[in-house]
file upload.txt (compact mmCIF, C-alpha atoms)
# COMPACT_ATOMS: atom_id res chain seq x y z
CA MET A 30 87.11 225.60 129.37
CA LEU A 31 84.41 227.53 127.50
CA ARG A 32 86.06 229.77 124.90
CA GLY A 33 83.59 231.78 122.84
CA VAL A 34 82.87 235.48 123.42
CA LEU A 35 82.36 237.57 126.54
CA PHE A 36 80.31 240.77 126.16
CA VAL A 37 80.76 243.59 128.64
CA HIS A 38 78.24 246.42 128.80
CA ASN A 39 76.80 248.32 131.73
CA ASN A 40 73.31 247.88 130.25
CA PHE A 41 73.77 244.64 128.28
CA PRO A 42 72.70 243.85 125.60
CA ALA A 43 72.31 247.43 124.26
CA GLN A 44 74.35 247.81 121.03
CA PHE A 45 75.46 244.17 121.22
CA ARG A 46 72.01 242.54 121.03
CA ASP A 47 72.13 241.46 117.39
CA LEU A 48 75.73 240.27 117.50
CA ALA A 49 75.16 238.28 120.67
CA ALA A 50 72.01 236.67 119.24
CA THR A 51 73.87 235.83 116.02
CA LEU A 52 76.69 234.13 117.91
CA VAL A 53 74.25 232.14 120.03
CA ALA A 54 72.39 231.03 116.89
CA ARG A 55 75.69 229.83 115.38
CA GLY A 56 76.53 227.81 118.47
CA VAL A 57 79.31 230.06 119.79
CA PRO A 58 79.55 229.96 123.61
CA THR A 59 78.39 233.42 124.69
CA VAL A 60 78.37 235.09 128.09
CA ALA A 61 78.05 238.66 129.35
CA ILE A 62 78.83 240.98 132.24
CA GLY A 63 76.52 243.87 133.13
CA GLN A 64 75.47 245.94 136.10
CA ASP A 65 72.64 244.70 138.28
CA HIS A 66 70.07 246.78 136.35
CA ALA A 67 71.04 245.39 132.91
CA PRO A 68 68.04 243.77 131.17
CA GLY A 69 70.01 240.82 129.76
CA MET A 70 68.75 238.58 126.96
CA GLN A 71 67.57 235.05 126.47
CA ASP A 72 70.19 232.29 126.09
CA VAL A 73 73.09 234.47 127.27
CA ARG A 74 74.42 233.93 130.78
CA LEU A 75 74.66 237.38 132.38
CA ALA A 76 76.98 237.86 135.33
CA ARG A 77 75.61 240.91 137.09
CA TYR A 78 77.75 243.03 139.35
CA ARG A 79 76.87 245.48 142.08
CA LEU A 80 78.97 248.48 142.93
CA PRO A 81 81.31 247.42 145.73
CA ARG A 82 81.23 250.91 147.27
CA GLY A 83 79.99 254.42 146.67
CA SER A 84 81.87 257.50 145.55
CA THR A 85 84.22 259.33 147.88
CA PRO A 86 82.69 262.51 149.37
CA GLY A 87 84.67 265.60 148.50
CA MET A 88 86.49 263.95 145.61
CA PHE A 89 88.50 266.29 143.36
CA PRO A 90 85.84 267.25 140.75
CA PHE A 91 87.82 266.17 137.71
CA ALA A 92 88.45 262.74 139.27
CA VAL A 93 84.82 261.90 140.08
CA ARG A 94 84.15 260.15 136.77
CA ALA A 95 87.42 258.19 136.88
CA GLU A 96 86.71 256.95 140.40
CA ALA A 97 83.17 255.88 139.45
CA ASP A 98 84.53 254.03 136.42
CA LEU A 99 87.14 252.22 138.49
CA ILE A 100 84.54 251.25 141.09
CA ARG A 101 82.51 249.65 138.31
CA ALA A 102 85.70 248.04 136.98
CA ARG A 103 86.23 246.36 140.33
CA GLY A 104 82.66 245.07 140.33
CA ALA A 105 83.06 243.68 136.82
CA TYR A 106 86.41 242.17 137.79
CA ASP A 107 84.71 240.18 140.56
CA ALA A 108 81.95 239.08 138.15
CA ALA A 109 84.62 237.94 135.67
CA LYS A 110 86.33 235.86 138.36
CA ALA A 111 83.00 234.19 139.08
CA LEU A 112 82.64 233.33 135.40
CA LYS A 113 86.16 231.94 135.33
CA ALA A 114 85.30 229.73 138.28
CA GLU A 115 82.39 228.39 136.20
CA GLY A 116 84.81 227.39 133.45
CA TRP A 117 84.70 230.40 131.13
CA ASP A 118 87.89 231.42 129.34
CA PRO A 119 86.71 233.52 126.36
CA ALA A 120 88.64 233.78 123.15
CA ALA A 121 87.47 237.38 122.77
CA ILE A 122 85.96 240.11 124.92
CA VAL A 123 83.64 242.56 123.15
CA LEU A 124 83.27 245.55 125.43
CA HIS A 125 81.88 249.04 125.79
CA PRO A 126 84.50 251.13 127.62
CA GLY A 127 82.22 254.02 128.55
CA TRP A 128 81.55 252.97 132.14
CA GLY A 129 84.94 251.51 132.95
CA GLU A 130 83.92 247.88 133.54
CA ALA A 131 86.54 246.33 131.28
CA ALA A 132 89.60 248.08 132.73
CA PHE A 133 90.80 245.07 134.75
CA LEU A 134 89.44 242.14 132.75
CA GLY A 135 92.80 241.39 131.14
CA GLU A 136 93.98 240.29 134.58
CA VAL A 137 91.23 237.66 134.72
CA PHE A 138 91.37 236.55 131.09
CA PRO A 139 94.91 237.38 129.89
CA ASN A 140 94.62 235.30 126.71
CA ALA A 141 91.38 236.87 125.48
CA ARG A 142 91.58 239.30 122.57
CA GLN A 143 89.75 242.53 123.36
CA VAL A 144 87.48 244.51 121.01
CA ALA A 145 86.47 247.95 122.34
CA PHE A 146 83.39 249.74 121.02
CA ALA A 147 84.15 253.42 120.30
CA GLU A 148 80.83 255.15 120.86
CA PHE A 149 82.32 258.53 121.74
CA TYR A 150 85.66 259.88 122.94
CA TYR A 151 85.15 263.14 124.80
CA HIS A 152 86.78 266.44 123.92
CA GLY A 153 86.80 269.81 125.60
CA ARG A 154 86.94 271.54 122.23
CA GLY A 155 85.72 270.89 118.71
CA PHE A 156 82.92 268.41 119.40
CA ASP A 157 79.75 268.66 121.53
CA VAL A 158 81.19 270.58 124.49
CA GLY A 159 81.04 274.29 123.77
CA PHE A 160 79.25 273.85 120.43
CA ASP A 161 76.13 275.58 121.76
CA PRO A 162 76.84 277.50 124.99
CA GLU A 163 73.30 278.91 125.25
CA PHE A 164 72.17 276.60 128.04
CA LEU A 165 75.33 275.16 129.62
CA GLY A 166 78.38 277.08 130.68
CA TYR A 167 81.50 276.76 128.57
CA ASP A 168 84.61 277.69 130.47
CA GLU A 169 87.93 276.25 131.51
CA SER A 170 86.27 273.93 134.01
CA ALA A 171 83.89 272.51 131.39
CA ILE A 172 86.80 271.84 129.04
CA LEU A 173 88.90 270.05 131.65
CA ARG A 174 85.95 268.04 132.97
CA ALA A 175 85.20 266.74 129.48
CA GLU A 176 88.81 265.69 128.91
CA ALA A 177 88.95 263.97 132.32
CA LYS A 178 85.98 261.75 131.40
CA ASN A 179 88.31 259.79 129.11
CA ALA A 180 90.73 258.60 131.80
CA VAL A 181 89.60 255.01 132.32
CA MET A 182 88.22 254.70 128.80
CA ALA A 183 91.70 255.47 127.44
CA MET A 184 93.14 252.69 129.64
CA THR A 185 90.75 250.27 127.99
CA TYR A 186 91.45 251.41 124.44
CA ALA A 187 95.18 251.14 125.10
CA ARG A 188 94.77 247.44 125.91
CA ALA A 189 92.34 246.62 123.10
CA ASP A 190 93.45 244.49 120.16
CA ALA A 191 90.83 246.14 117.97
CA ILE A 192 88.48 249.11 118.20
CA VAL A 193 85.14 249.40 116.42
CA ALA A 194 83.51 252.78 115.72
CA PRO A 195 80.02 252.96 114.19
CA THR A 196 80.83 255.90 111.89
CA GLU A 197 83.82 257.74 110.47
CA PHE A 198 82.91 260.76 112.58
CA GLN A 199 82.97 258.72 115.79
CA ALA A 200 86.27 257.18 114.72
CA SER A 201 87.67 260.67 114.14
CA ALA A 202 87.07 261.51 117.80
CA LEU A 203 89.66 258.93 118.87
CA PRO A 204 93.24 260.04 119.56
CA PRO A 205 95.65 259.23 116.70
CA ALA A 206 97.34 256.51 118.76
CA PHE A 207 94.13 254.44 118.66
CA ARG A 208 93.02 254.96 115.06
CA ALA A 209 95.32 252.40 113.44
CA ARG A 210 93.45 249.64 115.32
CA THR A 211 90.02 251.03 114.49
CA ARG A 212 87.46 249.62 112.03
CA VAL A 213 84.27 251.45 111.12
CA LEU A 214 81.35 249.04 111.52
CA HIS A 215 77.88 250.38 112.15
CA GLU A 216 75.80 247.90 114.16
CA GLY A 217 73.01 248.56 111.71
CA VAL A 218 69.23 248.67 111.63
CA ASP A 219 66.94 246.10 110.06
CA THR A 220 66.59 247.64 106.61
CA ASP A 221 64.68 244.57 105.39
CA ALA A 222 61.88 245.17 107.90
CA ILE A 223 62.21 248.96 108.11
CA ARG A 224 61.41 250.17 104.63
CA PRO A 225 59.09 252.54 102.81
CA GLY A 226 55.48 251.57 103.21
CA ALA A 227 51.98 252.87 102.63
CA ALA A 228 51.04 255.60 105.07
CA GLU A 229 47.91 255.22 107.17
CA PRO A 230 45.84 257.81 109.02
CA PHE A 231 47.76 258.54 112.24
CA ARG A 232 45.72 258.35 115.43
CA LEU A 233 46.68 260.82 118.14
CA ASP A 234 46.50 260.19 121.88
CA ASP A 235 43.45 262.45 122.21
CA GLY A 236 41.48 260.32 119.73
CA ARG A 237 41.82 262.62 116.75
CA THR A 238 43.27 261.30 113.50
CA ILE A 239 45.67 262.97 111.09
CA ALA A 240 44.26 262.24 107.67
CA LEU A 241 46.32 261.08 104.72
CA GLY A 242 47.53 263.99 102.63
CA THR A 243 47.99 266.27 105.63
CA PRO A 244 51.45 267.91 105.70
CA VAL A 245 53.31 266.27 108.60
CA ILE A 246 56.74 267.05 110.07
CA THR A 247 58.38 264.50 112.37
CA HIS A 248 61.21 264.88 114.87
CA ILE A 249 62.60 262.14 117.12
CA ASN A 250 64.58 263.24 120.16
CA ALA A 251 65.01 260.50 122.79
CA SER A 252 65.42 262.87 125.75
CA MET A 253 63.80 265.93 124.15
CA GLU A 254 66.98 267.99 124.54
CA PRO A 255 68.93 270.71 122.76
CA LEU A 256 71.86 268.40 121.95
CA ARG A 257 69.52 266.94 119.32
CA GLY A 258 68.31 270.37 118.24
CA LEU A 259 64.94 270.56 120.01
CA HIS A 260 65.27 274.31 120.66
CA ILE A 261 66.00 274.97 116.96
CA VAL A 262 62.99 272.88 115.90
CA ALA A 263 60.78 274.65 118.43
CA ARG A 264 61.80 278.11 117.21
CA ALA A 265 61.14 277.16 113.58
CA LEU A 266 57.59 275.99 114.24
CA PRO A 267 55.72 279.32 114.48
CA ARG A 268 56.62 280.26 110.89
CA LEU A 269 55.82 276.75 109.61
CA LEU A 270 52.42 276.73 111.31
CA ALA A 271 51.61 280.22 110.08
CA GLU A 272 52.56 279.61 106.45
CA VAL A 273 51.20 276.06 106.18
CA PRO A 274 47.85 276.28 108.01
CA ASP A 275 47.11 272.56 107.84
CA ALA A 276 50.59 271.33 108.89
CA GLN A 277 50.88 268.95 111.82
CA VAL A 278 54.04 268.22 113.85
CA LEU A 279 54.81 264.91 115.58
CA LEU A 280 57.50 265.05 118.28
CA ILE A 281 58.67 261.71 119.66
CA GLY A 282 60.77 261.36 122.81
CA LYS A 283 60.56 261.26 126.58
CA PRO A 284 60.85 264.64 128.31
CA SER A 285 63.84 264.62 130.60
CA GLY A 286 65.72 266.94 132.90
CA HIS A 287 68.98 265.07 132.46
CA ALA A 288 70.26 263.90 129.10
CA TYR A 289 73.39 263.63 126.97
CA GLY A 290 73.70 267.40 127.06
CA GLY A 291 73.62 267.64 130.85
CA GLN A 292 71.09 268.80 133.44
CA ALA A 293 68.29 271.17 132.48
CA PRO A 294 68.47 274.46 134.37
CA GLY A 295 65.96 275.02 137.15
CA GLY A 296 65.23 271.35 137.76
CA GLY A 297 62.64 271.07 134.98
CA THR A 298 62.75 269.27 131.65
CA TRP A 299 64.67 270.25 128.56
CA GLN A 300 61.39 270.16 126.66
CA ASP A 301 60.05 272.97 128.84
CA VAL A 302 63.28 274.92 128.41
CA CYS A 303 63.33 274.55 124.62
CA PHE A 304 59.69 275.60 124.18
CA ALA A 305 59.77 278.46 126.69
CA GLY A 306 58.51 281.59 124.94
CA VAL A 307 57.64 279.76 121.71
CA ASP A 308 54.18 280.61 120.39
CA TYR A 309 52.72 277.45 118.86
CA ASP A 310 49.32 275.84 118.45
CA PRO A 311 49.07 272.83 120.82
CA ALA A 312 46.32 271.43 118.62
CA ARG A 313 48.87 271.01 115.81
CA VAL A 314 52.10 270.26 117.68
CA HIS A 315 51.86 266.83 119.28
CA PHE A 316 54.21 265.62 121.99
CA LEU A 317 53.84 261.85 121.70
CA GLY A 318 56.39 260.94 124.38
CA GLN A 319 58.23 257.64 124.19
CA VAL A 320 56.33 255.38 121.79
CA GLU A 321 56.60 251.77 120.77
CA HIS A 322 58.65 251.09 117.68
CA GLY A 323 55.78 250.35 115.29
CA ARG A 324 54.08 253.63 116.16
CA MET A 325 57.33 255.50 115.52
CA LEU A 326 57.63 253.92 112.07
CA ALA A 327 54.00 254.77 111.30
CA ALA A 328 54.73 258.41 112.11
CA LEU A 329 57.81 258.42 109.88
CA ARG A 330 55.92 256.92 106.96
CA GLN A 331 53.22 259.58 107.11
CA GLY A 332 55.63 262.48 107.44
CA ASN A 333 56.52 264.91 104.66
CA ALA A 334 59.92 265.62 106.21
CA HIS A 335 61.90 264.26 109.14
CA VAL A 336 64.05 266.76 111.01
CA TYR A 337 67.25 265.41 112.55
CA TYR A 338 69.60 267.91 114.16
CA THR A 339 72.54 267.11 116.42
CA TYR A 340 75.59 268.64 118.01
CA PRO A 341 78.88 266.98 116.94
CA PHE A 342 78.10 263.79 118.87
CA VAL A 343 76.94 260.20 118.38
CA LEU A 344 74.70 259.54 115.37
CA SER A 345 71.26 258.26 116.45
CA TRP A 346 69.73 254.98 115.33
CA SER A 347 66.53 256.93 114.64
CA LEU A 348 68.18 258.72 111.71
CA ALA A 349 69.21 255.43 110.10
CA GLU A 350 65.68 254.12 110.59
CA ALA A 351 64.12 257.27 109.12
CA MET A 352 66.39 256.92 106.09
CA ALA A 353 65.47 253.24 105.78
CA CYS A 354 61.81 254.29 105.72
CA GLY A 355 62.58 256.54 102.78
CA CYS A 356 62.01 259.79 104.66
CA TYR A 357 63.04 263.17 103.34
CA ILE A 358 65.72 264.18 105.84
CA ILE A 359 66.29 267.77 106.86
CA GLY A 360 69.46 267.59 108.94
CA SER A 361 72.01 269.83 110.55
CA ASP A 362 75.26 270.50 108.76
CA THR A 363 77.31 268.95 111.55
CA GLY A 364 79.97 266.21 111.49
CA PRO A 365 77.78 263.19 112.36
CA LEU A 366 75.39 263.90 109.47
CA HIS A 367 78.21 263.90 106.94
CA ASP A 368 78.39 260.11 107.34
CA ALA A 369 74.73 259.76 106.39
CA ILE A 370 73.42 262.56 104.19
CA GLU A 371 74.79 264.23 101.07
CA ASP A 372 73.26 267.68 100.83
CA GLY A 373 70.91 267.96 97.89
CA VAL A 374 71.27 264.27 97.01
CA SER A 375 69.90 262.21 99.92
CA GLY A 376 68.52 265.03 102.05
CA ARG A 377 69.28 268.60 103.12
CA LEU A 378 72.00 269.77 105.51
CA LEU A 379 71.42 273.22 107.00
CA PRO A 380 73.42 275.40 109.42
CA PHE A 381 72.50 274.18 112.91
CA PHE A 382 71.59 277.58 114.36
CA ASP A 383 69.76 278.98 111.31
CA VAL A 384 66.14 278.79 112.44
CA GLU A 385 64.84 280.51 109.32
CA ALA A 386 66.59 278.02 107.04
CA LEU A 387 64.94 275.12 108.87
CA ALA A 388 61.52 276.76 108.76
CA GLY A 389 61.93 277.47 105.04
CA ALA A 390 62.94 273.89 104.25
CA MET A 391 59.97 272.44 106.14
CA ILE A 392 57.56 274.85 104.45
CA ALA A 393 58.95 274.13 100.99
CA ASP A 394 58.48 270.38 101.39
CA CYS A 395 54.97 270.71 102.81
CA ARG A 396 54.01 272.78 99.75
CA ASP A 397 55.71 270.55 97.18
CA PRO A 398 56.37 267.07 98.62
CA ALA A 399 56.95 265.57 95.18
CA ALA A 400 60.16 267.58 94.84
CA SER A 401 61.82 265.49 97.54
CA THR A 402 61.01 262.12 95.90
CA PRO A 403 64.53 261.50 94.52
CA LEU A 404 66.10 262.50 97.85
CA ARG A 405 63.85 260.03 99.66
CA ALA A 406 64.96 257.23 97.35
CA ALA A 407 68.61 258.17 97.81
CA ALA A 408 68.21 258.22 101.60
CA ARG A 409 66.79 254.70 101.49
CA ALA A 410 69.61 253.49 99.24
CA THR A 411 72.21 255.05 101.56
CA ALA A 412 70.66 253.38 104.60
CA VAL A 413 70.86 249.98 102.92
CA ALA A 414 74.44 250.55 101.79
CA ARG A 415 75.83 252.00 105.03
CA PHE A 416 73.53 251.13 107.90
CA SER A 417 72.05 247.69 107.20
CA ARG A 418 72.14 245.27 110.08
CA ALA A 419 73.21 242.45 107.77
CA LYS A 420 76.29 244.41 106.69
CA GLY A 421 77.18 245.30 110.26
CA ARG A 422 76.75 241.70 111.36
CA GLU A 423 79.03 240.42 108.62
CA GLY A 424 81.72 242.92 109.55
CA TRP A 425 81.63 242.01 113.22
CA LEU A 426 81.78 238.27 112.51
CA ALA A 427 84.73 238.76 110.18
CA LEU A 428 86.56 240.75 112.85
CA LEU A 429 85.97 238.13 115.53
CA ARG A 430 87.15 235.43 113.16
CA ASP A 431 90.32 237.43 112.48
CA LEU A 432 90.92 237.56 116.24
CA GLY A 433 90.71 233.78 116.56
CA VAL A 434 87.09 233.17 117.54
CA GLU A 435 85.78 229.94 116.00
CA ILE A 436 82.43 230.78 114.39
CA PRO A 437 80.68 228.00 112.46
CA GLY A 438 79.82 229.08 108.94
CA VAL A 439 82.17 232.07 108.88
call {"tool": "encode", "arguments": {"input": "upload.txt", "output": "structure tokens"}}
result
Amino acid sequence: MLRGVLFVHNNFPAQFRDLAATLVARGVPTVAIGQDHAPGMQDVRLARYRLPRGSTPGMFPFAVRAEADLIRARGAYDAAKALKAEGWDPAAIVLHPGWGEAAFLGEVFPNARQVAFAEFYYHGRGFDVGFDPEFLGYDESAILRAEAKNAVMAMTYARADAIVAPTEFQASALPPAFRARTRVLHEGVDTDAIRPGAAEPFRLDDGRTIALGTPVITHINASMEPLRGLHIVARALPRLLAEVPDAQVLLIGKPSGHAYGGQAPGGGTWQDVCFAGVDYDPARVHFLGQVEHGRMLAALRQGNAHVYYTYPFVLSWSLAEAMACGCYIIGSDTGPLHDAIEDGVSGRLLPFFDVEALAGAMIADCRDPAASTPLRAAARATAVARFSRAKGREGWLALLRDLGVEIPGV
């Protein structure tokens, strides 16, 4: 029987790409389960599952998510049985519980130790839900719906031998019963490759070029949504543009009507919602859309300041990469940022809803970029210490070894 490691992720490889590649390189038998749309990766057998049925019409609203998760769990269960028929009997299962797939896998592989990835445990109060009720209703129904999203995920955590959370904040979202089995291991970014570098003139999509020395503000927001502070950034721009006449703003992310924070009202995009009524100069505020990674890094290296705001939610990889580039971070004073930035030492942390404070911080750095030099260096040092891929890889390998996985060289 093939022991090794089984990965389970709806969209495999996702957060598990580096760990899976590392195990393959070390000769550890590695296999994965993902839904039929999962991209997969070279040298890892991916057992894809299809949903065995659709959702039940008229389902009790708070049970819709649990039913969908259990439907996926049944699909993954069938995929696991197919792997077992091929001779797989993994020593460990590394899983993401967010879509429910792993709920029944202990019935197929009862001897496998399970490691559950704790990306986010939902709460009706005190985290993202209700933090900013401007766009989405916050009432009893919203609270109960958020709590109900945990149903199948909690089943999976209850069975896990170990739980891995990327940050202390994400670990803090877990119920107390799960925390004793939790290790904080950030999957990491490649801080060897992503590092401070010489800026180059930045070419815009319309053919113009932002010259070196131009004050540049960057903001990365994958779905261009308020959960990552887009509306606060938008409202701070008019003052920035007025007081720093040569400032340019680079906004990176794909406009979306549905994102982490829910559905945009009116069927449009959150970008349209966040910029509605904002008076800005389109010749100086550039919506770059979703860009390839090298172009994103080029934007970060030319920027004076990088703005990263978030509700109390998952910390983005983009922040760790911006820190690794040695950016001056202007962040929101919210829980996720406390694991990354020390105010006044490695960046600034400002009240999330204080538009004037954000505008003032951006203006100050555009006028005197040299003042942020020590904060840039501290951000880079923090990224290497807390968010390096090498450190995350070592932690994961040590955990798997502790659970009985034979890993050559570990």
call {"tool": "atom_distance", "arguments": {"input": "upload.txt", "atom1": "atom CA of Ala171 of chain A", "atom2": "atom CA of Ala202 of chain A"}}
result
17.8 Å
call {"tool": "closest_residue", "arguments": {"input": "upload.txt", "among": "A:Gly364, A:Gly290, A:Ala334, A:Ala412", "to": "Gly166 of chain A", "atoms": "all atoms listed in the file"}}
result
A:Gly290
call {"tool": "closest_residue", "arguments": {"input": "upload.txt", "among": "A:Glu385, A:Glu197, A:Glu435, A:Asp310", "to": "His367 of chain A", "atoms": "all atoms listed in the file"}}
result
A:Glu197
call {"tool": "residues_around", "arguments": {"input": "upload.txt", "residues": "Gly258 of chain A", "least_positions_apart": "5", "cutoff": "9 Å", "atoms": "all atoms listed in the file", "output": "list of chain:residue names"}}
result
A:Asn250, A:Met253, A:Ala263, A:Tyr337, A:Tyr338, A:Thr339, A:Tyr340, A:Ser361, A:Phe381, A:Phe382
call {"tool": "atom_distance", "arguments": {"input": "upload.txt", "atom1": "atom CA of Ile192 of chain A", "atom2": "atom CA of Val413 of chain A"}}
result
23.3 Å
call {"tool": "closest_atom_pairs", "arguments": {"input": "upload.txt", "of": "segment 117-171 of chain A", "to": "segment 95-100 of chain A", "cutoff": "12 Å", "atoms": "only C-alpha atoms", "output": "tab-separated table"}}
result
residue	atom	partner	partner_atom	distance
A:Pro126	CA	A:Asp98	CA	9.3
A:Gly127	CA	A:Asp98	CA	8.2
A:Trp128	CA	A:Asp98	CA	5.3
A:Gly129	CA	A:Asp98	CA	4.3
A:Glu130	CA	A:Asp98	CA	6.8
A:Ala131	CA	A:Leu99	CA	9.3
A:Ala132	CA	A:Leu99	CA	7.5
A:Phe133	CA	A:Leu99	CA	8.9
A:Leu134	CA	A:Leu99	CA	11.8
call {"tool": "residues_around", "arguments": {"input": "upload.txt", "residues": "segment 322-326 of chain A", "least_positions_apart": "5", "cutoff": "12 Å", "atoms": "only C-alpha atoms", "output": "count of residues only"}}
result
37
call {"tool": "closest_residue", "arguments": {"input": "upload.txt", "among": "A:Thr220, A:Gln71, A:Gln319, A:Asn40", "to": "Arg418 of chain A", "atoms": "only C-alpha atoms"}}
result
A:Thr220
call {"tool": "closest_residue", "arguments": {"input": "upload.txt", "among": "A:Ile370, A:Val73, A:Ala390, A:Val343", "to": "Phe156 of chain A", "atoms": "only C-alpha atoms"}}
result
A:Val343
call {"tool": "residues_near_point", "arguments": {"input": "upload.txt", "point": "(75.2, 255.8, 116.1)", "cutoff": "9 Å", "atoms": "only C-alpha atoms", "output": "compact mmCIF listing (two decimals) with C-alpha atoms, keeping the file's coordinate frame"}}
result
# COMPACT_ATOMS: atom_id res chain seq x y z
CA GLU A 148 80.83 255.15 120.86
CA ALA A 194 83.51 252.78 115.72
CA PRO A 195 80.02 252.96 114.19
CA THR A 196 80.83 255.90 111.89
CA GLN A 199 82.97 258.72 115.79
CA HIS A 215 77.88 250.38 112.15
CA GLU A 216 75.80 247.90 114.16
CA GLY A 217 73.01 248.56 111.71
CA PHE A 342 78.10 263.79 118.87
CA VAL A 343 76.94 260.20 118.38
CA LEU A 344 74.70 259.54 115.37
CA SER A 345 71.26 258.26 116.45
CA TRP A 346 69.73 254.98 115.33
CA SER A 347 66.53 256.93 114.64
CA LEU A 348 68.18 258.72 111.71
CA ALA A 349 69.21 255.43 110.10
CA PRO A 365 77.78 263.19 112.36
call {"tool": "closest_residue", "arguments": {"input": "upload.txt", "among": "A:Thr211, A:Thr238, A:Ser201, A:Ser170", "to": "Ala312 of chain A", "atoms": "all atoms listed in the file"}}
result
A:Thr238
call {"tool": "decode", "arguments": {"input": "upload.txt", "residues": "segment 295-311 of chain A", "atoms": "C-alpha atoms", "output": "PDB file, in the first residue's frame"}}
result
ATOM      1  CA  GLY A 295     -27.681  46.112  -7.576  1.00  0.00           C
ATOM      2  CA  GLY A 296     -25.896  43.366  -9.493  1.00  0.00           C
ATOM      3  CA  GLY A 297     -22.841  45.490 -10.315  1.00  0.00           C
ATOM      4  CA  THR A 298     -19.273  45.298  -9.078  1.00  0.00           C
ATOM      5  CA  TRP A 299     -17.953  46.296  -5.685  1.00  0.00           C
ATOM      6  CA  GLN A 300     -15.493  48.570  -7.465  1.00  0.00           C
ATOM      7  CA  ASP A 301     -18.385  50.595  -8.872  1.00  0.00           C
ATOM      8  CA  VAL A 302     -20.050  50.685  -5.457  1.00  0.00           C
ATOM      9  CA  CYS A 303     -16.905  51.817  -3.642  1.00  0.00           C
ATOM     10  CA  PHE A 304     -16.113  54.600  -6.122  1.00  0.00           C
ATOM     11  CA  ALA A 305     -19.690  55.843  -6.516  1.00  0.00           C
ATOM     12  CA  GLY A 306     -19.722  59.573  -5.809  1.00  0.00           C
ATOM     13  CA  VAL A 307     -15.933  59.805  -5.425  1.00  0.00           C
ATOM     14  CA  ASP A 308     -14.407  62.686  -7.384  1.00  0.00           C
ATOM     15  CA  TYR A 309     -11.035  61.517  -8.696  1.00  0.00           C
ATOM     16  CA  ASP A 310      -8.851  62.092 -11.732  1.00  0.00           C
ATOM     17  CA  PRO A 311      -8.945  58.963 -13.950  1.00  0.00           C
TER      18      PRO A 311
END
